[in-house]
>>> print(open('structure-v4.pdb').read())   # PDB, C-alpha atoms
ATOM      1  CA  MET B   1    -227.418 160.594  92.005
ATOM      2  CA  SER B   2    -228.071 164.266  92.614
ATOM      3  CA  SER B   3    -225.619 167.008  91.699
ATOM      4  CA  THR B   4    -224.992 167.635  95.392
ATOM      5  CA  GLU B   5    -224.083 164.001  95.996
ATOM      6  CA  ALA B   6    -221.839 163.996  92.901
ATOM      7  CA  GLU B   7    -219.988 167.055  94.120
ATOM      8  CA  ALA B   8    -219.519 165.468  97.535
ATOM      9  CA  THR B   9    -218.199 162.282  95.928
ATOM     10  CA  ASN B  10    -215.722 164.158  93.732
ATOM     11  CA  THR B  11    -214.490 166.360  96.548
ATOM     12  CA  ILE B  12    -210.947 165.471  97.564
ATOM     13  CA  LEU B  13    -210.767 165.313 101.327
ATOM     14  CA  PRO B  14    -207.560 166.559 103.020
ATOM     15  CA  PRO B  15    -205.291 163.826 104.370
ATOM     16  CA  PRO B  16    -205.614 163.131 108.089
ATOM     17  CA  ALA B  17    -203.129 164.868 110.344
ATOM     18  CA  THR B  18    -200.183 162.738 111.314
ATOM     19  CA  THR B  19    -197.951 162.933 114.333
ATOM     20  CA  LEU B  20    -194.193 162.600 114.413
ATOM     21  CA  LYS B  21    -194.540 158.978 115.530
ATOM     22  CA  GLU B  22    -196.781 158.147 112.546
ATOM     23  CA  THR B  23    -194.541 159.880 110.001
ATOM     24  CA  PRO B  24    -192.174 157.534 108.116
ATOM     25  CA  ALA B  25    -188.648 157.841 109.474
ATOM     26  CA  ALA B  26    -187.239 158.612 106.018
ATOM     27  CA  THR B  27    -189.281 161.818 105.791
ATOM     28  CA  ILE B  28    -188.268 163.141 109.228
ATOM     29  CA  PRO B  29    -185.291 165.524 109.293
ATOM     30  CA  LEU B  30    -182.139 164.066 110.788
ATOM     31  CA  TRP B  31    -182.079 166.434 113.749
ATOM     32  CA  LYS B  32    -185.680 165.617 114.633
ATOM     33  CA  ARG B  33    -184.962 161.903 114.459
ATOM     34  CA  ALA B  34    -181.932 162.433 116.688
ATOM     35  CA  LEU B  35    -183.974 164.338 119.280
ATOM     36  CA  ARG B  36    -186.686 161.686 119.215
ATOM     37  CA  ASN B  37    -184.143 158.888 119.642
ATOM     38  CA  ILE B  38    -182.429 160.745 122.484
ATOM     39  CA  ARG B  39    -185.741 161.008 124.329
ATOM     40  CA  ARG B  40    -186.619 157.364 123.709
ATOM     41  CA  ASN B  41    -183.163 155.993 124.556
ATOM     42  CA  SER B  42    -182.216 158.349 127.381
ATOM     43  CA  HIS B  43    -181.608 155.455 129.792
ATOM     44  CA  LEU B  44    -179.381 153.632 127.296
ATOM     45  CA  LEU B  45    -177.439 156.786 126.475
ATOM     46  CA  LEU B  46    -176.974 157.402 130.188
ATOM     47  CA  ALA B  47    -175.588 153.883 130.545
ATOM     48  CA  GLU B  48    -173.120 154.457 127.699
ATOM     49  CA  LEU B  49    -171.853 157.705 129.238
ATOM     50  CA  THR B  50    -171.788 156.667 132.897
ATOM     51  CA  ILE B  51    -170.946 152.970 132.667
ATOM     52  CA  GLY B  52    -169.421 152.140 129.294
ATOM     53  CA  PHE B  53    -166.942 154.993 128.977
ATOM     54  CA  PRO B  54    -165.866 155.064 132.669
ATOM     55  CA  PHE B  55    -165.181 151.312 132.525
ATOM     56  CA  ILE B  56    -163.021 151.933 129.459
ATOM     57  CA  GLY B  57    -161.114 154.573 131.408
ATOM     58  CA  TYR B  58    -160.518 152.166 134.294
ATOM     59  CA  LYS B  59    -159.127 149.504 131.959
ATOM     60  CA  LEU B  60    -156.881 152.012 130.196
ATOM     61  CA  MET B  61    -155.425 153.352 133.421
ATOM     62  CA  ALA B  62    -154.989 149.837 134.822
ATOM     63  CA  ALA B  63    -153.034 148.944 131.680
ATOM     64  CA  LEU B  64    -150.780 151.977 132.176
ATOM     65  CA  LEU B  65    -150.273 151.202 135.858
ATOM     66  CA  LEU B  66    -149.334 147.592 135.099
ATOM     67  CA  LYS B  67    -146.931 148.683 132.386
ATOM     68  CA  SER B  68    -145.177 151.005 134.798
ATOM     69  CA  ALA B  69    -145.074 148.378 137.566
ATOM     70  CA  GLY B  70    -142.513 146.189 135.783
ATOM     71  CA  GLU B  71    -143.121 142.966 137.708
ATOM     72  CA  GLN B  72    -140.896 140.208 136.351
ATOM     73  CA  GLY B  73    -142.488 137.010 135.051
ATOM     74  CA  ALA B  74    -141.325 133.722 133.630
ATOM     75  CA  PHE B  75    -142.183 134.227 129.962
ATOM     76  CA  GLY B  76    -138.840 134.669 128.252
ATOM     77  CA  GLY B  77    -138.202 138.256 129.165
ATOM     78  CA  ILE B  78    -141.803 139.391 128.837
ATOM     79  CA  THR B  79    -143.106 140.506 132.196
ATOM     80  CA  VAL B  80    -146.437 139.465 133.675
ATOM     81  CA  SER B  81    -147.429 143.094 134.013
ATOM     82  CA  GLU B  82    -146.780 143.667 130.303
ATOM     83  CA  ILE B  83    -149.027 140.738 129.352
ATOM     84  CA  LEU B  84    -151.849 141.933 131.610
ATOM     85  CA  SER B  85    -151.300 145.490 130.426
ATOM     86  CA  ALA B  86    -151.599 144.457 126.774
ATOM     87  CA  PHE B  87    -154.769 142.462 127.530
ATOM     88  CA  LEU B  88    -156.437 145.390 129.298
ATOM     89  CA  LEU B  89    -155.322 147.806 126.589
ATOM     90  CA  VAL B  90    -156.919 145.643 123.885
ATOM     91  CA  LEU B  91    -160.108 145.434 125.947
ATOM     92  CA  ALA B  92    -160.175 149.216 126.355
ATOM     93  CA  ILE B  93    -159.624 149.892 122.635
ATOM     94  CA  VAL B  94    -162.258 147.389 121.447
ATOM     95  CA  ASP B  95    -164.752 148.552 124.066
ATOM     96  CA  LEU B  96    -164.169 152.156 123.007
ATOM     97  CA  ALA B  97    -165.019 151.241 119.409
ATOM     98  CA  PHE B  98    -168.177 149.374 120.489
ATOM     99  CA  ASN B  99    -169.334 152.227 122.724
ATOM    100  CA  LEU B 100    -168.738 154.936 120.119
ATOM    101  CA  ILE B 101    -170.632 152.950 117.473
ATOM    102  CA  ASN B 102    -173.514 152.219 119.841
ATOM    103  CA  LEU B 103    -173.677 155.813 121.044
ATOM    104  CA  MET B 104    -173.983 157.153 117.505
ATOM    105  CA  ALA B 105    -176.449 154.411 116.581
ATOM    106  CA  LEU B 106    -178.699 155.152 119.552
ATOM    107  CA  VAL B 107    -178.858 158.816 118.559
ATOM    108  CA  PHE B 108    -179.214 158.552 114.780
ATOM    109  CA  ILE B 109    -180.731 155.080 114.251
ATOM    110  CA  GLY B 110    -182.578 154.408 117.495
ATOM    111  CA  HIS B 111    -180.957 151.171 118.636
ATOM    112  CA  ARG B 112    -177.555 149.646 119.317
ATOM    113  CA  LEU B 113    -175.648 148.000 116.481
ATOM    114  CA  GLY B 114    -173.294 145.866 118.537
ATOM    115  CA  PRO B 115    -172.547 144.427 121.965
ATOM    116  CA  VAL B 116    -171.869 146.727 124.887
ATOM    117  CA  CYS B 117    -168.346 145.378 125.420
ATOM    118  CA  PHE B 118    -165.809 142.879 124.098
ATOM    119  CA  LEU B 119    -166.407 140.344 126.910
ATOM    120  CA  SER B 120    -170.116 140.385 126.089
ATOM    121  CA  TRP B 121    -169.342 139.591 122.433
ATOM    122  CA  VAL B 122    -166.974 136.771 123.426
ATOM    123  CA  CYS B 123    -169.400 135.162 125.862
ATOM    124  CA  LYS B 124    -172.201 135.237 123.288
ATOM    125  CA  HIS B 125    -170.098 132.850 121.197
ATOM    126  CA  THR B 126    -169.556 130.357 124.027
ATOM    127  CA  PRO B 127    -171.821 127.799 125.768
ATOM    128  CA  LEU B 128    -172.015 130.184 128.746
ATOM    129  CA  LYS B 129    -174.600 132.227 126.841
ATOM    130  CA  ARG B 130    -177.123 129.386 127.059
ATOM    131  CA  ARG B 131    -177.058 129.354 130.860
ATOM    132  CA  TYR B 132    -176.151 132.935 131.760
ATOM    133  CA  ASN B 133    -177.777 135.566 129.598
ATOM    134  CA  ASP B 134    -175.624 138.554 130.597
ATOM    135  CA  ILE B 135    -172.471 136.839 131.818
ATOM    136  CA  GLY B 136    -170.253 138.969 129.565
ATOM    137  CA  GLU B 137    -171.578 142.246 130.948
ATOM    138  CA  ALA B 138    -171.278 140.845 134.495
ATOM    139  CA  LEU B 139    -167.641 139.859 133.955
ATOM    140  CA  ASP B 140    -166.846 143.276 132.511
ATOM    141  CA  THR B 141    -168.463 144.971 135.506
ATOM    142  CA  MET B 142    -166.593 142.726 137.932
ATOM    143  CA  LEU B 143    -163.310 143.455 136.160
ATOM    144  CA  SER B 144    -163.849 147.213 136.263
ATOM    145  CA  PHE B 145    -164.901 147.204 139.909
ATOM    146  CA  SER B 146    -161.906 145.008 140.766
ATOM    147  CA  ILE B 147    -159.623 147.598 139.180
ATOM    148  CA  VAL B 148    -161.262 150.300 141.293
ATOM    149  CA  ALA B 149    -160.929 148.175 144.436
ATOM    150  CA  VAL B 150    -157.213 147.552 143.828
ATOM    151  CA  VAL B 151    -156.390 151.175 142.988
ATOM    152  CA  VAL B 152    -158.265 152.468 146.036
ATOM    153  CA  GLY B 153    -157.244 149.667 148.407
ATOM    154  CA  VAL B 154    -153.532 149.758 147.568
ATOM    155  CA  ASN B 155    -153.610 153.561 147.123
ATOM    156  CA  LEU B 156    -152.175 153.767 143.627
ATOM    157  CA  PHE B 157    -153.195 157.399 143.208
ATOM    158  CA  PRO B 158    -149.589 158.571 143.627
ATOM    159  CA  ASN B 159    -148.698 156.266 140.721
ATOM    160  CA  LEU B 160    -151.418 157.852 138.579
ATOM    161  CA  ILE B 161    -150.060 161.283 139.410
ATOM    162  CA  ALA B 162    -146.469 160.188 138.748
ATOM    163  CA  MET B 163    -147.338 158.899 135.262
ATOM    164  CA  SER B 164    -148.405 162.382 134.166
ATOM    165  CA  PRO B 165    -145.860 164.887 132.849
ATOM    166  CA  ALA B 166    -144.071 166.634 135.693
ATOM    167  CA  ASP B 167    -144.731 170.127 134.321
ATOM    168  CA  GLY B 168    -148.269 169.455 133.051
ATOM    169  CA  PRO B 169    -151.716 168.648 134.421
ATOM    170  CA  LYS B 170    -152.203 165.349 136.214
ATOM    171  CA  VAL B 171    -154.168 163.949 133.286
ATOM    172  CA  TYR B 172    -154.479 160.349 134.502
ATOM    173  CA  PHE B 173    -155.569 161.364 137.983
ATOM    174  CA  ILE B 174    -158.115 163.778 136.463
ATOM    175  CA  LEU B 175    -159.332 161.058 134.094
ATOM    176  CA  TRP B 176    -159.743 158.640 136.997
ATOM    177  CA  ASN B 177    -161.752 161.167 138.999
ATOM    178  CA  THR B 178    -163.911 161.994 135.968
ATOM    179  CA  CYS B 179    -164.710 158.319 135.378
ATOM    180  CA  THR B 180    -165.528 157.758 139.039
ATOM    181  CA  VAL B 181    -167.754 160.827 139.359
ATOM    182  CA  ALA B 182    -169.622 159.937 136.140
ATOM    183  CA  ASN B 183    -170.073 156.323 137.227
ATOM    184  CA  VAL B 184    -171.324 157.152 140.734
ATOM    185  CA  LEU B 185    -173.674 159.927 139.608
ATOM    186  CA  GLY B 186    -174.915 157.745 136.753
ATOM    187  CA  ALA B 187    -175.774 154.942 139.174
ATOM    188  CA  GLY B 188    -177.736 157.371 141.330
ATOM    189  CA  ILE B 189    -179.585 158.900 138.371
ATOM    190  CA  ALA B 190    -180.397 155.467 136.933
ATOM    191  CA  ARG B 191    -181.768 154.316 140.294
ATOM    192  CA  LEU B 192    -183.933 157.431 140.549
ATOM    193  CA  GLN B 193    -185.204 156.982 136.977
ATOM    194  CA  ALA B 194    -186.087 153.358 137.711
ATOM    195  CA  SER B 195    -188.038 154.374 140.812
ATOM    196  CA  LEU B 196    -189.974 157.102 138.967
ATOM    197  CA  HIS B 197    -190.732 154.750 136.071
ATOM    198  CA  HIS B 198    -191.954 152.094 138.509
ATOM    199  CA  ASP B 199    -194.281 154.597 140.198
ATOM    200  CA  LYS B 200    -195.723 155.628 136.810
ATOM    201  CA  VAL B 201    -196.389 152.000 135.896
ATOM    202  CA  VAL B 202    -198.068 151.330 139.239
ATOM    203  CA  SER B 203    -200.226 154.460 138.881
ATOM    204  CA  ARG B 204    -201.364 153.392 135.407
ATOM    205  CA  MET B 205    -202.258 149.911 136.656
ATOM    206  CA  GLU B 206    -204.229 151.362 139.559
ATOM    207  CA  LYS B 207    -206.167 153.667 137.226
ATOM    208  CA  ARG B 208    -207.047 150.765 134.932
ATOM    209  CA  ALA B 209    -208.179 148.695 137.897
TER     210      ALA B 209
END
>>> encode(input="structure-v4.pdb", output="structure tokens")
Amino acid sequence: MSSTEAEATNTILPPPATTLKETPAATIPLWKRALRNIRRNSHLLLAELTIGFPFIGYKLMAALLLKSAGEQGAFGGITVSEILSAFLLVLAIVDLAFNLINLMALVFIGHRLGPVCFLSWVCKHTPLKRRYNDIGEALDTMLSFSIVAVVVGVNLFPNLIAMSPADGPKVYFILWNTCTVANVLGAGIARLQASLHHDKVVSRMEKRA
């Protein structure tokens, strides 16, 4: 072996350049990982903010409306409205915990750590899961939309306003409007994103063909 070949053999070549995707996650700064996860999971984060949290708001306000209704039942002094109110309040609290955990996990870990709602978790532990894959999410959506239909159809907005302090902002009415605006705009944005994504997929397939 010549001296030139020996020098070439002993030369330490620089490591190949790596991209952010090829870099191990443990070596990436937290803020960079968060930005990357936000870009990758933008559609899931949008769903959390425009579906998950508004549905929680609807359940919470329905629980408050039922509590203030005071309809008498036949359960030893406990009213029907109080039972339904407690049920919806539990759903809202558990769903809030699930959504907060999943929101943080999507940003800092890159994937959800739990179900999207309590009804989804319950249905996954029943025989319904074998036949209907997303029955829990469907039931939660139906429940939330039913609340909206009742509040709008019966015109319970004066009740929402009346529940707020007389000398303060109409917090429940504002919360309702915020949930509704977020949910409607989110549905429109998600539909637009789906259309754009579909067009990109079709374009790629046409180029390959």
>>> closest_residue(input="structure-v4.pdb", among="B:Leu100, B:Ile147, B:Gln193, B:Arg208", to="Ala63 in chain B", atoms="only C-alpha atoms")
B:Ile147
>>> resolve_selection(input="structure-v4.pdb", expression="the PyMOL selection byres ((chain B and resi 183) around 12)", output="PyMOL selection string")
chain B and resi 46-58+141+144-145+148+176-182+184-190
>>> atom_distance(input="structure-v4.pdb", atom1="CA of Asp140 in chain B", atom2="CA of Cys117 in chain B")
7.5 Å
>>> residues_around(input="structure-v4.pdb", residues="Trp121 in chain B", least_positions_apart="5", cutoff="10 Å", atoms="all atoms listed in the file", output="PDB file with C-alpha atoms, in the coordinates of the input")
ATOM      1  CA  GLY B 114    -173.294 145.866 118.537  1.00  0.00           C
ATOM      2  CA  PRO B 115    -172.547 144.427 121.965  1.00  0.00           C
ATOM      3  CA  VAL B 116    -171.869 146.727 124.887  1.00  0.00           C
ATOM      4  CA  THR B 126    -169.556 130.357 124.027  1.00  0.00           C
ATOM      5  CA  GLY B 136    -170.253 138.969 129.565  1.00  0.00           C
ATOM      6  CA  GLU B 137    -171.578 142.246 130.948  1.00  0.00           C
TER       7      GLU B 137
END
>>> atom_distance(input="structure-v4.pdb", atom1="CA of Arg191 in chain B", atom2="CA of Leu44 in chain B")
13.2 Å
>>> decode(input="structure-v4.pdb", residues="range 152-181 of chain B", atoms="N, CA and C atoms", output="CSV table (one decimal), in the first residue's frame")
chain,number,residue,atom,x,y,z
B,152,VAL,N,-81.1,25.7,21.4
B,152,VAL,CA,-81.5,26.6,20.4
B,152,VAL,C,-83.0,26.5,20.1
B,153,GLY,N,-83.5,25.3,20.1
B,153,GLY,CA,-84.9,25.0,19.8
B,153,GLY,C,-85.9,25.6,20.8
B,154,VAL,N,-85.5,25.4,22.1
B,154,VAL,CA,-86.4,25.8,23.2
B,154,VAL,C,-86.0,27.3,23.5
B,155,ASN,N,-85.0,27.8,23.0
B,155,ASN,CA,-84.5,29.2,23.3
B,155,ASN,C,-84.2,29.4,24.8
B,156,LEU,N,-83.1,28.7,25.2
B,156,LEU,CA,-82.7,28.7,26.6
B,156,LEU,C,-81.6,29.8,26.8
B,157,PHE,N,-81.4,30.6,25.8
B,157,PHE,CA,-80.4,31.7,26.0
B,157,PHE,C,-80.7,32.6,27.1
B,158,PRO,N,-82.0,33.0,27.3
B,158,PRO,CA,-82.3,33.8,28.5
B,158,PRO,C,-81.9,33.2,29.8
B,159,ASN,N,-82.0,31.8,29.9
B,159,ASN,CA,-81.6,31.1,31.1
B,159,ASN,C,-80.1,31.2,31.3
B,160,LEU,N,-79.3,31.1,30.2
B,160,LEU,CA,-77.9,31.2,30.2
B,160,LEU,C,-77.5,32.6,30.7
B,161,ILE,N,-78.2,33.6,30.3
B,161,ILE,CA,-77.9,35.0,30.7
B,161,ILE,C,-78.3,35.2,32.2
B,162,ALA,N,-79.4,34.6,32.6
B,162,ALA,CA,-79.9,34.7,33.9
B,162,ALA,C,-79.0,34.0,34.9
B,163,MET,N,-78.3,33.0,34.5
B,163,MET,CA,-77.4,32.3,35.5
B,163,MET,C,-76.1,33.1,35.8
B,164,SER,N,-75.8,34.0,35.0
B,164,SER,CA,-74.6,34.9,35.2
B,164,SER,C,-74.9,35.9,36.3
B,165,PRO,N,-73.9,36.4,37.0
B,165,PRO,CA,-74.1,37.5,38.0
B,165,PRO,C,-74.8,38.7,37.4
B,166,ALA,N,-75.7,39.3,38.1
B,166,ALA,CA,-76.5,40.4,37.6
B,166,ALA,C,-75.6,41.6,37.2
B,167,ASP,N,-74.6,41.8,38.0
B,167,ASP,CA,-73.8,43.0,37.8
B,167,ASP,C,-72.4,42.7,37.1
B,168,GLY,N,-72.3,41.5,36.5
B,168,GLY,CA,-71.1,41.1,35.9
B,168,GLY,C,-71.3,40.7,34.4
B,169,PRO,N,-70.3,40.3,33.7
B,169,PRO,CA,-70.4,39.8,32.3
B,169,PRO,C,-71.3,38.6,32.2
B,170,LYS,N,-71.9,38.4,31.1
B,170,LYS,CA,-72.8,37.2,30.9
B,170,LYS,C,-71.9,36.0,30.5
B,171,VAL,N,-71.2,35.5,31.5
B,171,VAL,CA,-70.1,34.5,31.3
B,171,VAL,C,-70.6,33.3,30.5
B,172,TYR,N,-71.7,32.7,30.9
B,172,TYR,CA,-72.2,31.5,30.3
B,172,TYR,C,-72.7,31.7,28.9
B,173,PHE,N,-73.3,32.8,28.6
B,173,PHE,CA,-73.7,33.2,27.3
B,173,PHE,C,-72.5,33.4,26.4
B,174,ILE,N,-71.5,34.1,26.9
B,174,ILE,CA,-70.2,34.3,26.2
B,174,ILE,C,-69.5,32.9,25.9
B,175,LEU,N,-69.5,32.1,26.9
B,175,LEU,CA,-68.9,30.8,26.8
B,175,LEU,C,-69.6,29.9,25.7
B,176,TRP,N,-70.9,30.0,25.7
B,176,TRP,CA,-71.7,29.3,24.7
B,176,TRP,C,-71.3,29.8,23.3
B,177,ASN,N,-71.3,31.1,23.1
B,177,ASN,CA,-71.0,31.6,21.8
B,177,ASN,C,-69.6,31.3,21.4
B,178,THR,N,-68.7,31.3,22.3
B,178,THR,CA,-67.3,30.9,22.0
B,178,THR,C,-67.2,29.5,21.6
B,179,CYS,N,-67.8,28.6,22.3
B,179,CYS,CA,-67.8,27.2,21.9
B,179,CYS,C,-68.5,27.0,20.5
B,180,THR,N,-69.6,27.7,20.2
B,180,THR,CA,-70.2,27.5,18.9
B,180,THR,C,-69.4,28.1,17.8
B,181,VAL,N,-68.8,29.3,18.0
B,181,VAL,CA,-68.0,29.9,16.9
B,181,VAL,C,-66.8,29.0,16.6
